[in-house]
Amino acid sequence: MNATAPTEDSGSYAMPGRDPGFCIPLPHIPEAVGLVRRRALTVLTGWNLPPATIEDAVLVISELVTNAITHALPPAVLQLSRTVAEGPRALRIEVTDAGPAGSVPRPADGRNPAEHGRGNGIVSALAARHGTHVVPGGITRWADLPAA
């Protein structure tokens, strides 16, 4: 299968049971992370969220998407929505993938191993709540950020 990076216009704005949201498939290539991050920034800015929430959300999105592309099997998808579940309004970030890819060899490109493996800590620090749940055919990693 040939994976291509999403275009700036790609994505969907319909998610049943929630406020209008955003959904975009994640091509299984490293170049997709930057494009998805920029597209999410455009969407979140259009939702008139506070700048600090947008900044935190883009960082969480980057971590979750990178994790899915680096460590999981395709297909993967990013979903953004605004929820009112369990308290004040929140921005829900979800990345669903087909599950762990098993032993994925790291490229010998001279990267410092200490620079990797911090994504969960970043998500924990920025999210009001976060977690994972198994879905048919994969796993969803999610994070809620305050979106007042």
# chains A, B, ... in the order shown; residues from 1 in each chain; ligands from 1

call {"tool": "residues_around", "arguments": {"residues": "Thr53 of chain A", "least_positions_apart": "6", "cutoff": "12 Å", "atoms": "only C-alpha atoms", "output": "list in words"}}
result
Leu41, Leu44, Thr45, Trp47, Leu59, Val60, Ile61, Ala90, Leu91, Arg92, Ile93, Leu126, Ala127, Ala128, Asp144, Leu145, Pro146, Ala147 and Ala148 of chain A

call {"tool": "residues_around", "arguments": {"residues": "Glu94 of chain A", "least_positions_apart": "2", "cutoff": "8 Å", "atoms": "only C-alpha atoms", "output": "mmCIF file with N, CA and C atoms, in the first residue's frame"}}
result
data_model
loop_
_atom_site.group_PDB
_atom_site.id
_atom_site.type_symbol
_atom_site.label_atom_id
_atom_site.label_comp_id
_atom_site.auth_asym_id
_atom_site.auth_seq_id
_atom_site.Cartn_x
_atom_site.Cartn_y
_atom_site.Cartn_z
ATOM 1 N N LEU A 78 -6.711 10.417 13.626
ATOM 2 C CA LEU A 78 -6.787 11.434 14.671
ATOM 3 C C LEU A 78 -8.201 11.982 14.693
ATOM 4 N N GLN A 79 -8.791 12.078 15.883
ATOM 5 C CA GLN A 79 -10.112 12.686 16.047
ATOM 6 C C GLN A 79 -10.012 13.769 17.110
ATOM 7 N N LEU A 80 -10.569 14.919 16.816
ATOM 8 C CA LEU A 80 -10.656 16.032 17.762
ATOM 9 C C LEU A 80 -12.118 16.361 17.951
ATOM 10 N N ARG A 92 -11.251 16.910 23.421
ATOM 11 C CA ARG A 92 -10.870 15.495 23.405
ATOM 12 C C ARG A 92 -9.990 15.257 22.191
ATOM 13 N N THR A 96 -6.450 6.654 17.196
ATOM 14 C CA THR A 96 -6.745 5.223 17.145
ATOM 15 C C THR A 96 -5.847 4.591 16.095
ATOM 16 N N THR A 140 -7.167 2.953 21.196
ATOM 17 C CA THR A 140 -7.302 4.411 21.150
ATOM 18 C C THR A 140 -6.582 4.995 22.349
ATOM 19 N N ARG A 141 -5.717 5.946 22.086
ATOM 20 C CA ARG A 141 -5.086 6.742 23.140
ATOM 21 C C ARG A 141 -5.765 8.102 23.097
ATOM 22 N N TRP A 142 -6.191 8.589 24.277
ATOM 23 C CA TRP A 142 -6.965 9.814 24.298
ATOM 24 C C TRP A 142 -6.458 10.732 25.410
ATOM 25 N N ALA A 143 -6.759 12.013 25.249
ATOM 26 C CA ALA A 143 -6.424 13.014 26.247
ATOM 27 C C ALA A 143 -7.485 14.101 26.210
#

call {"tool": "atom_distance", "arguments": {"atom1": "atom CA of Ala52 of chain A", "atom2": "atom CA of Thr132 of chain A"}}
result
24.2 Å

call {"tool": "atom_distance", "arguments": {"atom1": "atom CA of His71 of chain A", "atom2": "atom CA of Phe22 of chain A"}}
result
23.3 Å

call {"tool": "residues_around", "arguments": {"residues": "Ile69 of chain A", "least_positions_apart": "3", "cutoff": "9 Å", "atoms": "only C-alpha atoms", "output": "PyMOL selection string"}}
result
chain A and resi 26-30+32-33+64-66+72-74+76+97

call {"tool": "closest_residue", "arguments": {"among": "A:Pro136, A:Pro25, A:Pro75, A:Gly121", "to": "Arg39 of chain A", "atoms": "only C-alpha atoms"}}
result
A:Pro25

call {"tool": "closest_residue", "arguments": {"among": "A:Ala98, A:Ile54, A:Leu49, A:Val43", "to": "Gly138 of chain A", "atoms": "only C-alpha atoms"}}
result
A:Ala98

call {"tool": "atom_distance", "arguments": {"atom1": "atom CA of Ile122 of chain A", "atom2": "atom CA of Asp56 of chain A"}}
result
9.5 Å
